[in-house]
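This is structure-v4.cif (mmCIF, C-alpha atoms).
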data_query
loop_
_atom_site.group_PDB
_atom_site.id
_atom_site.type_symbol
_atom_site.label_atom_id
_atom_site.label_comp_id
_atom_site.auth_asym_id
_atom_site.auth_seq_id
_atom_site.Cartn_x
_atom_site.Cartn_y
_atom_site.Cartn_z
ATOM 1 C CA GLN I 1 0.000 0.000 0.000
ATOM 2 C CA VAL I 2 1.037 3.586 -0.556
ATOM 3 C CA GLN I 3 2.872 5.088 2.384
ATOM 4 C CA LEU I 4 4.215 8.608 2.718
ATOM 5 C CA VAL I 5 6.143 9.640 5.823
ATOM 6 C CA GLU I 6 7.153 13.259 6.290
ATOM 7 C CA SER I 7 9.890 14.463 8.609
ATOM 8 C CA GLY I 8 12.032 17.499 9.273
ATOM 9 C CA GLY I 9 9.528 19.904 10.723
ATOM 10 C CA GLY I 10 10.074 21.892 13.878
ATOM 11 C CA LEU I 11 10.411 25.344 15.378
ATOM 12 C CA VAL I 12 12.529 27.862 13.491
ATOM 13 C CA GLN I 13 13.077 31.600 13.801
ATOM 14 C CA PRO I 14 11.949 33.983 11.069
ATOM 15 C CA GLY I 15 14.534 34.075 8.302
ATOM 16 C CA GLY I 16 15.673 30.549 9.072
ATOM 17 C CA SER I 17 15.631 27.414 6.960
ATOM 18 C CA LEU I 18 14.320 23.867 7.176
ATOM 19 C CA ARG I 19 14.439 20.887 4.859
ATOM 20 C CA LEU I 20 11.468 18.587 4.891
ATOM 21 C CA SER I 21 11.702 14.999 3.698
ATOM 22 C CA CYS I 22 9.037 12.580 2.569
ATOM 23 C CA ALA I 23 9.891 8.890 2.340
ATOM 24 C CA ALA I 24 7.632 7.012 -0.054
ATOM 25 C CA SER I 25 6.845 3.331 -0.464
ATOM 26 C CA GLY I 26 4.251 1.041 -1.970
ATOM 27 C CA PHE I 27 4.348 2.430 -5.490
ATOM 28 C CA THR I 28 6.781 3.157 -8.310
ATOM 29 C CA PHE I 29 8.239 6.360 -6.941
ATOM 30 C CA SER I 30 10.564 7.092 -9.856
ATOM 31 C CA SER I 31 7.661 7.351 -12.308
ATOM 32 C CA SER I 32 5.382 9.410 -10.071
ATOM 33 C CA ALA I 33 4.929 13.140 -9.757
ATOM 34 C CA MET I 34 5.143 14.228 -6.121
ATOM 35 C CA SER I 35 3.721 17.292 -4.445
ATOM 36 C CA TRP I 36 4.024 19.265 -1.235
ATOM 37 C CA TYR I 37 1.030 20.937 0.368
ATOM 38 C CA ARG I 38 0.501 22.795 3.604
ATOM 39 C CA GLN I 39 -2.428 23.637 5.798
ATOM 40 C CA ALA I 40 -2.379 26.494 8.266
ATOM 41 C CA PRO I 41 -4.864 26.692 11.152
ATOM 42 C CA GLY I 42 -8.261 27.759 9.886
ATOM 43 C CA LYS I 43 -7.173 27.717 6.249
ATOM 44 C CA GLU I 44 -7.606 25.376 3.313
ATOM 45 C CA ARG I 45 -4.866 23.027 2.228
ATOM 46 C CA GLU I 46 -2.564 24.794 -0.243
ATOM 47 C CA LEU I 47 -0.521 23.255 -3.050
ATOM 48 C CA LEU I 48 3.064 24.488 -2.764
ATOM 49 C CA ALA I 49 5.040 22.644 -5.410
ATOM 50 C CA THR I 50 5.033 19.613 -7.674
ATOM 51 C CA ILE I 51 7.957 17.757 -9.184
ATOM 52 C CA THR I 52 7.492 15.361 -12.068
ATOM 53 C CA SER I 53 9.232 12.041 -12.561
ATOM 54 C CA THR I 54 11.691 13.790 -14.853
ATOM 55 C CA ASP I 55 12.649 16.414 -12.244
ATOM 56 C CA ILE I 56 10.615 19.205 -13.739
ATOM 57 C CA ASN I 57 9.357 21.542 -11.024
ATOM 58 C CA LEU I 58 5.852 22.806 -11.518
ATOM 59 C CA ASN I 59 3.265 24.850 -9.736
ATOM 60 C CA TYR I 60 5.199 26.757 -7.123
ATOM 61 C CA ALA I 61 2.668 28.780 -5.156
ATOM 62 C CA ASP I 62 3.267 32.508 -5.352
ATOM 63 C CA SER I 63 3.560 32.589 -1.572
ATOM 64 C CA VAL I 64 6.709 30.413 -1.627
ATOM 65 C CA LYS I 65 8.209 31.086 -5.050
ATOM 66 C CA GLY I 66 11.880 31.968 -4.776
ATOM 67 C CA ARG I 67 12.090 30.718 -1.179
ATOM 68 C CA PHE I 68 11.115 27.033 -1.385
ATOM 69 C CA THR I 69 12.611 24.372 -3.641
ATOM 70 C CA ILE I 70 11.246 20.895 -4.300
ATOM 71 C CA SER I 71 13.606 18.089 -5.263
ATOM 72 C CA ARG I 72 13.713 14.319 -5.312
ATOM 73 C CA ASP I 73 16.103 11.407 -4.939
ATOM 74 C CA ASN I 74 14.730 8.411 -6.802
ATOM 75 C CA ALA I 75 17.418 6.139 -5.357
ATOM 76 C CA LYS I 76 16.065 6.889 -1.879
ATOM 77 C CA ASN I 77 12.370 7.124 -2.817
ATOM 78 C CA THR I 78 12.350 10.504 -1.142
ATOM 79 C CA VAL I 79 11.069 13.943 -2.048
ATOM 80 C CA TYR I 80 12.352 17.065 -0.309
ATOM 81 C CA LEU I 81 11.199 20.606 0.320
ATOM 82 C CA GLN I 82 13.976 23.069 1.063
ATOM 83 C CA MET I 83 12.467 26.089 2.789
ATOM 84 C CA ASN I 84 14.517 29.274 3.135
ATOM 85 C CA SER I 85 13.752 32.763 4.413
ATOM 86 C CA LEU I 86 10.918 31.386 6.504
ATOM 87 C CA LYS I 87 8.195 33.728 7.688
ATOM 88 C CA PRO I 88 5.669 33.420 10.520
ATOM 89 C CA GLU I 89 2.961 32.955 7.902
ATOM 90 C CA ASP I 90 4.698 29.749 6.787
ATOM 91 C CA THR I 91 3.565 28.142 10.035
ATOM 92 C CA ALA I 92 1.480 25.131 9.048
ATOM 93 C CA ILE I 93 1.331 21.374 8.796
ATOM 94 C CA TYR I 94 3.210 20.278 5.683
ATOM 95 C CA PHE I 95 2.124 17.213 3.704
ATOM 96 C CA CYS I 96 3.564 15.327 0.802
ATOM 97 C CA SER I 97 1.189 13.749 -1.643
ATOM 98 C CA VAL I 98 0.966 11.490 -4.673
ATOM 99 C CA PHE I 99 -1.887 10.824 -7.081
ATOM 100 C CA ARG I 100 -2.082 7.194 -8.130
ATOM 101 C CA SER I 101 -4.853 5.219 -9.849
ATOM 102 C CA GLY I 102 -7.475 7.863 -9.264
ATOM 103 C CA THR I 103 -6.671 8.406 -5.605
ATOM 104 C CA ARG I 104 -4.684 11.145 -3.914
ATOM 105 C CA TYR I 105 -2.606 9.838 -1.049
ATOM 106 C CA TRP I 106 -1.308 11.889 1.874
ATOM 107 C CA GLY I 107 1.277 11.508 4.554
ATOM 108 C CA GLN I 108 0.528 12.266 8.185
ATOM 109 C CA GLY I 109 2.155 15.683 7.923
ATOM 110 C CA THR I 110 4.967 17.428 9.733
ATOM 111 C CA HIS I 111 4.505 20.592 11.777
ATOM 112 C CA VAL I 112 6.470 23.721 10.980
ATOM 113 C CA THR I 113 6.344 26.682 13.352
ATOM 114 C CA VAL I 114 8.096 29.921 12.463
ATOM 115 C CA SER I 115 8.369 32.125 15.500
ATOM 116 C CA SER I 116 10.861 34.165 17.463
#
Would you write the structure of this file as structure tokens?
Amino acid sequence: QVQLVESGGGLVQPGGSLRLSCAASGFTFSSSAMSWYRQAPGKERELLATITSTDINLNYADSVKGRFTISRDNAKNTVYLQMNSLKPEDTAIYFCSVFRSGTRYWGQGTHVTVSS
């Protein structure tokens, strides 16, 4: 079965950086587009970035463009989200996701808090 496990969240000061990881299993990772989303308290889930199987980055949200970078390591079945210049408004639960056979799968999420 599809499993997605995020890690790397935590508390960081404004202007700081974090790298989130998402370990995937249960499907052919190398041929799958992967996405990162986030959901802040009281807000809808927001698509941040998508990376295709051929390492093409798509759909960076305007709110993170130029600060966040999505990447993948097919040898490790892992997708990453490098987050720089973090702002308090980046505080949210971050999820990785994959769409397979008509179903969108989600990890459990990792919490990111940006605060001084």
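In this model, the gap between CA of Val79 in chain I and CA of Gly42 in chain I comes to 26.6 Å.
Neighbouring residues of range 19-29 of chain I at 7 Å or closer, counting all atoms listed in the file and skipping chain neighbours under 6 positions away, are Gln1, Val2, Gln3, Leu4, Val5, Glu6, Ser7, Gly8, Gly9, Asn74, Asn77, Thr78, Val79, Tyr80, Leu81, Gln82, Met83 and Cys96 of chain I.
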Given the selection you just returned, output its residues as a file containing C-alpha atoms, formatted as a PDB file, in the frame of the given file.
ATOM      1  CA  GLN I   1       0.000   0.000   0.000  1.00  0.00           C
ATOM      2  CA  VAL I   2       1.037   3.586  -0.556  1.00  0.00           C
ATOM      3  CA  GLN I   3       2.872   5.088   2.384  1.00  0.00           C
ATOM      4  CA  LEU I   4       4.215   8.608   2.718  1.00  0.00           C
ATOM      5  CA  VAL I   5       6.143   9.640   5.823  1.00  0.00           C
ATOM      6  CA  GLU I   6       7.153  13.259   6.290  1.00  0.00           C
ATOM      7  CA  SER I   7       9.890  14.463   8.609  1.00  0.00           C
ATOM      8  CA  GLY I   8      12.032  17.499   9.273  1.00  0.00           C
ATOM      9  CA  GLY I   9       9.528  19.904  10.723  1.00  0.00           C
ATOM     10  CA  ASN I  74      14.730   8.411  -6.802  1.00  0.00           C
ATOM     11  CA  ASN I  77      12.370   7.124  -2.817  1.00  0.00           C
ATOM     12  CA  THR I  78      12.350  10.504  -1.142  1.00  0.00           C
ATOM     13  CA  VAL I  79      11.069  13.943  -2.048  1.00  0.00           C
ATOM     14  CA  TYR I  80      12.352  17.065  -0.309  1.00  0.00           C
ATOM     15  CA  LEU I  81      11.199  20.606   0.320  1.00  0.00           C
ATOM     16  CA  GLN I  82      13.976  23.069   1.063  1.00  0.00           C
ATOM     17  CA  MET I  83      12.467  26.089   2.789  1.00  0.00           C
ATOM     18  CA  CYS I  96       3.564  15.327   0.802  1.00  0.00           C
TER      19      CYS I  96
END
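Here the PyMOL selection byres ((chain I and resi 105) around 10) catches exactly these residues: Val2, Gln3, Leu4, Phe95, Cys96, Ser97, Val98, Phe99, Arg100, Gly102, Thr103, Arg104, Trp106 and Gly107 of chain I.
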Would you put the residues from that selection into a file with C-alpha atoms, as a PDB file, in the frame of the given file?
ATOM      1  CA  VAL I   2       1.037   3.586  -0.556  1.00  0.00           C
ATOM      2  CA  GLN I   3       2.872   5.088   2.384  1.00  0.00           C
ATOM      3  CA  LEU I   4       4.215   8.608   2.718  1.00  0.00           C
ATOM      4  CA  PHE I  95       2.124  17.213   3.704  1.00  0.00           C
ATOM      5  CA  CYS I  96       3.564  15.327   0.802  1.00  0.00           C
ATOM      6  CA  SER I  97       1.189  13.749  -1.643  1.00  0.00           C
ATOM      7  CA  VAL I  98       0.966  11.490  -4.673  1.00  0.00           C
ATOM      8  CA  PHE I  99      -1.887  10.824  -7.081  1.00  0.00           C
ATOM      9  CA  ARG I 100      -2.082   7.194  -8.130  1.00  0.00           C
ATOM     10  CA  GLY I 102      -7.475   7.863  -9.264  1.00  0.00           C
ATOM     11  CA  THR I 103      -6.671   8.406  -5.605  1.00  0.00           C
ATOM     12  CA  ARG I 104      -4.684  11.145  -3.914  1.00  0.00           C
ATOM     13  CA  TRP I 106      -1.308  11.889   1.874  1.00  0.00           C
ATOM     14  CA  GLY I 107       1.277  11.508   4.554  1.00  0.00           C
TER      15      GLY I 107
END
Open item on the list: At a cut-off of 6 Å around the point (9.1, 35.8, 9.5) (file coordinates), what residues fall inside when counting all atoms listed in the file? I'd like the answer as a ChimeraX atom specification.
Closed with: /I:14-15,86-88
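Atom pair CA of Gln108 in chain I / CA of Phe68 in chain I has a distance of 20.5 Å (rounded to one decimal).
Using all atoms listed in the file, the smallest distance between any of I:Ser30, I:Ser71, I:Val12, I:Glu46 and Leu58 in chain I comes from I:Ser71.
The residues returned by the PyMOL selection byres ((chain I and resi 60) around 6) on the shown structure are Leu48, Ala49, Leu58, Asn59, Ala61 and Lys65 of chain I.
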